[in-house]
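**Student:** Below is one structure. I have some questions about it.
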Amino acid sequence: MVRNANEDFLIIFPQSWPKQPLPNGVFSEREGGRPFPIAKEGDGLKLPWDQKESVRHIFDSYCKKILRQENADMQRAEARRRTRECSLSELPPERLEQLCYEDVHPMVFEVCGYRVPVNDDRLAAALGKLLREKRDVILLSYFMDMSDREIGELLDMARRTVQHRRSDTLAELRKRMEDDDE
C-alpha cells in the first residue's frame, strides 16, 4: 500500500498541531513537571527549605559563572589594549617628534608691504624695541633674504648706508638680547 505525502504529514503531526497550551499554561506533560512551583506575585518565594537551598546553590553558581566570564572578558580586553597601545616613554625620539606639535604664534612685522613672521619670542621682543628703520633693514636682510642693493632700492637708501645700518643694528640687537638674558 502506497501512502501519499498528506497522509504521512497527518500521522507525524496530528490535527491538534500547532500545539495549544494546556489549561495550566504549559504545552506538554513533561513541561508541566517543573522542579519549583511558579511563584505568584506577593508570595515571596514560599518554598520548602531544601528547595530554597537548591535555588540558592543555582543562583550562586550562576553568579560565579558571570563573574568568571566578566573577569575573562576584562583580561582579554587588557591584553588586547597592551598589544595595541604603547607608553610615550617607550617611544624612540624620532617617533615621539612625529607625534608632537608645537603651538607657534609668530609675531608678524609689516615691512614695505611684506608680512614677516618671527617665531622666536625673545627675538620678536628685541626687534619690537628697535627703531622702525633699523628693524626694517634687519627683517628684509635676514628674514626676506634680500641683498643690500635690493634693500637700498626698496627703502630708497644707498647700499653702503644699508650695510652700515645692518651691522650697527645687529650689534644693538645682540646687546639687547644679552641684557634680557641677565
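Ordering of the C-alpha cells sets the chain letters (A, B, ...), residue numbers begin anew at 1 in every chain, and ligands are numbered from 1 in the order given.
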Would you list, as a PDB file with N, CA and C atoms, in the first residue's frame, the residues of region 108-143 of chain A that end up in alpha helix (DSSP H) under DSSP run on this structure's backbone?

**Tutor:**
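result.pdb written:
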ATOM      1  N   ASP A 121      60.105  84.227  20.448  1.00  0.00           N
ATOM      2  CA  ASP A 121      59.528  85.307  21.261  1.00  0.00           C
ATOM      3  C   ASP A 121      60.582  86.308  21.726  1.00  0.00           C
ATOM      4  N   ARG A 122      61.757  85.805  22.119  1.00  0.00           N
ATOM      5  CA  ARG A 122      62.816  86.709  22.588  1.00  0.00           C
ATOM      6  C   ARG A 122      63.274  87.629  21.458  1.00  0.00           C
ATOM      7  N   LEU A 123      63.491  87.058  20.278  1.00  0.00           N
ATOM      8  CA  LEU A 123      63.934  87.850  19.132  1.00  0.00           C
ATOM      9  C   LEU A 123      62.856  88.852  18.725  1.00  0.00           C
ATOM     10  N   ALA A 124      61.591  88.413  18.732  1.00  0.00           N
ATOM     11  CA  ALA A 124      60.493  89.307  18.358  1.00  0.00           C
ATOM     12  C   ALA A 124      60.398  90.478  19.339  1.00  0.00           C
ATOM     13  N   ALA A 125      60.591  90.200  20.634  1.00  0.00           N
ATOM     14  CA  ALA A 125      60.551  91.284  21.633  1.00  0.00           C
ATOM     15  C   ALA A 125      61.698  92.260  21.418  1.00  0.00           C
ATOM     16  N   ALA A 126      62.896  91.733  21.132  1.00  0.00           N
ATOM     17  CA  ALA A 126      64.051  92.610  20.898  1.00  0.00           C
ATOM     18  C   ALA A 126      63.864  93.418  19.617  1.00  0.00           C
ATOM     19  N   LEU A 127      63.329  92.799  18.563  1.00  0.00           N
ATOM     20  CA  LEU A 127      63.075  93.540  17.314  1.00  0.00           C
ATOM     21  C   LEU A 127      62.016  94.612  17.510  1.00  0.00           C
ATOM     22  N   GLY A 128      61.036  94.326  18.364  1.00  0.00           N
ATOM     23  CA  GLY A 128      59.973  95.305  18.619  1.00  0.00           C
ATOM     24  C   GLY A 128      60.482  96.556  19.313  1.00  0.00           C
ATOM     25  N   LYS A 129      61.593  96.443  20.031  1.00  0.00           N
ATOM     26  CA  LYS A 129      62.162  97.596  20.748  1.00  0.00           C
ATOM     27  C   LYS A 129      63.028  98.480  19.846  1.00  0.00           C
ATOM     28  N   ARG A 132      61.996 101.719  13.771  1.00  0.00           N
ATOM     29  CA  ARG A 132      61.401 101.097  12.583  1.00  0.00           C
ATOM     30  C   ARG A 132      62.408 100.983  11.432  1.00  0.00           C
ATOM     31  N   GLU A 133      63.224 102.032  11.181  1.00  0.00           N
ATOM     32  CA  GLU A 133      64.175 101.998  10.072  1.00  0.00           C
ATOM     33  C   GLU A 133      65.205 100.883  10.273  1.00  0.00           C
ATOM     34  N   LYS A 134      65.687 100.721  11.506  1.00  0.00           N
ATOM     35  CA  LYS A 134      66.683  99.686  11.796  1.00  0.00           C
ATOM     36  C   LYS A 134      66.057  98.292  11.699  1.00  0.00           C
ATOM     37  N   ARG A 135      64.833  98.158  12.246  1.00  0.00           N
ATOM     38  CA  ARG A 135      64.147  96.868  12.220  1.00  0.00           C
ATOM     39  C   ARG A 135      63.850  96.436  10.782  1.00  0.00           C
ATOM     40  N   ASP A 136      63.469  97.378   9.920  1.00  0.00           N
ATOM     41  CA  ASP A 136      63.152  97.044   8.530  1.00  0.00           C
ATOM     42  C   ASP A 136      64.370  96.482   7.801  1.00  0.00           C
ATOM     43  N   VAL A 137      65.540  97.075   8.036  1.00  0.00           N
ATOM     44  CA  VAL A 137      66.758  96.591   7.382  1.00  0.00           C
ATOM     45  C   VAL A 137      67.070  95.159   7.823  1.00  0.00           C
ATOM     46  N   ILE A 138      66.962  94.879   9.113  1.00  0.00           N
ATOM     47  CA  ILE A 138      67.248  93.529   9.631  1.00  0.00           C
ATOM     48  C   ILE A 138      66.244  92.517   9.076  1.00  0.00           C
TER      49      ILE A 138
END

**Student:** Show which residues sit within 8 Å of Val104 (chain A), as a PyMOL selection string. Count only C-alpha atoms, and ignore same-chain residues fewer than 2 positions away.

**Tutor:** chain A and resi 102+106+119

**Student:** How about saving the chosen residues, C-alpha atoms kept, as a short mmCIF file (atom, residue, chain, number, x, y, z; two decimals), in the first residue's frame?

**Tutor:**
data_model
loop_
_atom_site.label_atom_id
_atom_site.label_comp_id
_atom_site.auth_asym_id
_atom_site.auth_seq_id
_atom_site.Cartn_x
_atom_site.Cartn_y
_atom_site.Cartn_z
CA GLU A 102 54.42 72.92 18.86
CA PRO A 106 54.55 84.18 15.47
CA ASN A 119 58.57 82.70 15.72
#

**Student:** What gap, in Å, lies between CA of Arg68 (chain A) and CA of Arg82 (chain A)?

**Tutor:**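 Taking CA of Arg68 (chain A) and CA of Arg82 (chain A), their separation equals 21.0 Å.
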
**Student:** Which residues are close to Leu173 (chain A), i.e. within 9 Å by only C-alpha atoms, leaving aside same-chain residues fewer than 2 positions away? Reply as a PyMOL selection string.

**Tutor:** chain A and resi 123+126-127+130+168-171+175-178

**Student:** Write to file, as an mmCIF file, in the first residue's frame, the residues of the selection just made, with C-alpha atoms.

**Tutor:**
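Now in again.cif:
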data_model
loop_
_atom_site.group_PDB
_atom_site.id
_atom_site.type_symbol
_atom_site.label_atom_id
_atom_site.label_comp_id
_atom_site.auth_asym_id
_atom_site.auth_seq_id
_atom_site.Cartn_x
_atom_site.Cartn_y
_atom_site.Cartn_z
ATOM 1 C CA LEU A 123 63.934 87.850 19.132
ATOM 2 C CA ALA A 126 64.051 92.610 20.898
ATOM 3 C CA LEU A 127 63.075 93.540 17.314
ATOM 4 C CA LEU A 130 64.243 98.769 17.735
ATOM 5 C CA ASP A 168 75.068 98.624 13.810
ATOM 6 C CA THR A 169 71.573 97.213 14.346
ATOM 7 C CA LEU A 170 72.922 93.666 14.734
ATOM 8 C CA ALA A 171 75.298 94.828 17.464
ATOM 9 C CA LYS A 175 73.323 93.661 23.264
ATOM 10 C CA ARG A 176 69.560 93.923 23.973
ATOM 11 C CA MET A 177 69.117 90.154 23.885
ATOM 12 C CA GLU A 178 72.096 89.609 26.231
#

**Student:** Can you work out the spacing between CA of Met107 (chain A) and CA of Tyr142 (chain A) in Å, to one decimal?

**Tutor:**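 Interatomic distance, CA of Met107 (chain A) to CA of Tyr142 (chain A): 15.6 Å.
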
**Student:** Would you mind listing what lies within 9 Å of Asp148 (chain A) as number ranges by chain, with only C-alpha atoms counted and same-chain residues fewer than 5 positions away left out?

**Tutor:** A: 137, 141, 153, 158-163

**Student:** Generate a file of the selected residues that holds N, CA and C atoms, formatted as a PDB file, in the first residue's frame.

**Tutor:**
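Contents of the output file out03.pdb:
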ATOM      1  N   VAL A 137      65.540  97.075   8.036  1.00  0.00           N
ATOM      2  CA  VAL A 137      66.758  96.591   7.382  1.00  0.00           C
ATOM      3  C   VAL A 137      67.070  95.159   7.823  1.00  0.00           C
ATOM      4  N   SER A 141      66.784  91.908   5.358  1.00  0.00           N
ATOM      5  CA  SER A 141      68.053  91.248   5.089  1.00  0.00           C
ATOM      6  C   SER A 141      68.030  89.785   5.517  1.00  0.00           C
ATOM      7  N   GLU A 153      67.248  99.875  -2.753  1.00  0.00           N
ATOM      8  CA  GLU A 153      66.267 100.319  -3.750  1.00  0.00           C
ATOM      9  C   GLU A 153      64.868 100.396  -3.139  1.00  0.00           C
ATOM     10  N   ALA A 158      71.263 104.357   0.030  1.00  0.00           N
ATOM     11  CA  ALA A 158      72.468 103.869  -0.634  1.00  0.00           C
ATOM     12  C   ALA A 158      72.817 102.492  -0.060  1.00  0.00           C
ATOM     13  N   ARG A 159      73.480 101.672  -0.886  1.00  0.00           N
ATOM     14  CA  ARG A 159      73.846 100.325  -0.451  1.00  0.00           C
ATOM     15  C   ARG A 159      74.747 100.384   0.780  1.00  0.00           C
ATOM     16  N   ARG A 160      75.663 101.324   0.818  1.00  0.00           N
ATOM     17  CA  ARG A 160      76.595 101.450   1.944  1.00  0.00           C
ATOM     18  C   ARG A 160      75.845 101.819   3.233  1.00  0.00           C
ATOM     19  N   THR A 161      74.828 102.631   3.122  1.00  0.00           N
ATOM     20  CA  THR A 161      74.011 103.010   4.286  1.00  0.00           C
ATOM     21  C   THR A 161      73.281 101.788   4.831  1.00  0.00           C
ATOM     22  N   VAL A 162      72.764 100.969   3.944  1.00  0.00           N
ATOM     23  CA  VAL A 162      72.066  99.738   4.362  1.00  0.00           C
ATOM     24  C   VAL A 162      73.041  98.821   5.090  1.00  0.00           C
ATOM     25  N   GLN A 163      74.249  98.663   4.539  1.00  0.00           N
ATOM     26  CA  GLN A 163      75.240  97.779   5.159  1.00  0.00           C
ATOM     27  C   GLN A 163      75.628  98.308   6.546  1.00  0.00           C
TER      28      GLN A 163
END

**Student:** Could you jot down the CA of Lys46 (chain A) to CA of Ile66 (chain A) separation for me, Å, one decimal place?

**Tutor:**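 Interatomic distance here is 26.4 Å.
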
**Student:** From the options A:Met144, A:Arg174, A:Ser89, A:Asp50, which residue's atoms come nearest to Cys112 (chain A), counting only C-alpha atoms?

**Tutor:**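 Closest to Cys112 (chain A), using only C-alpha atoms: A:Met144.
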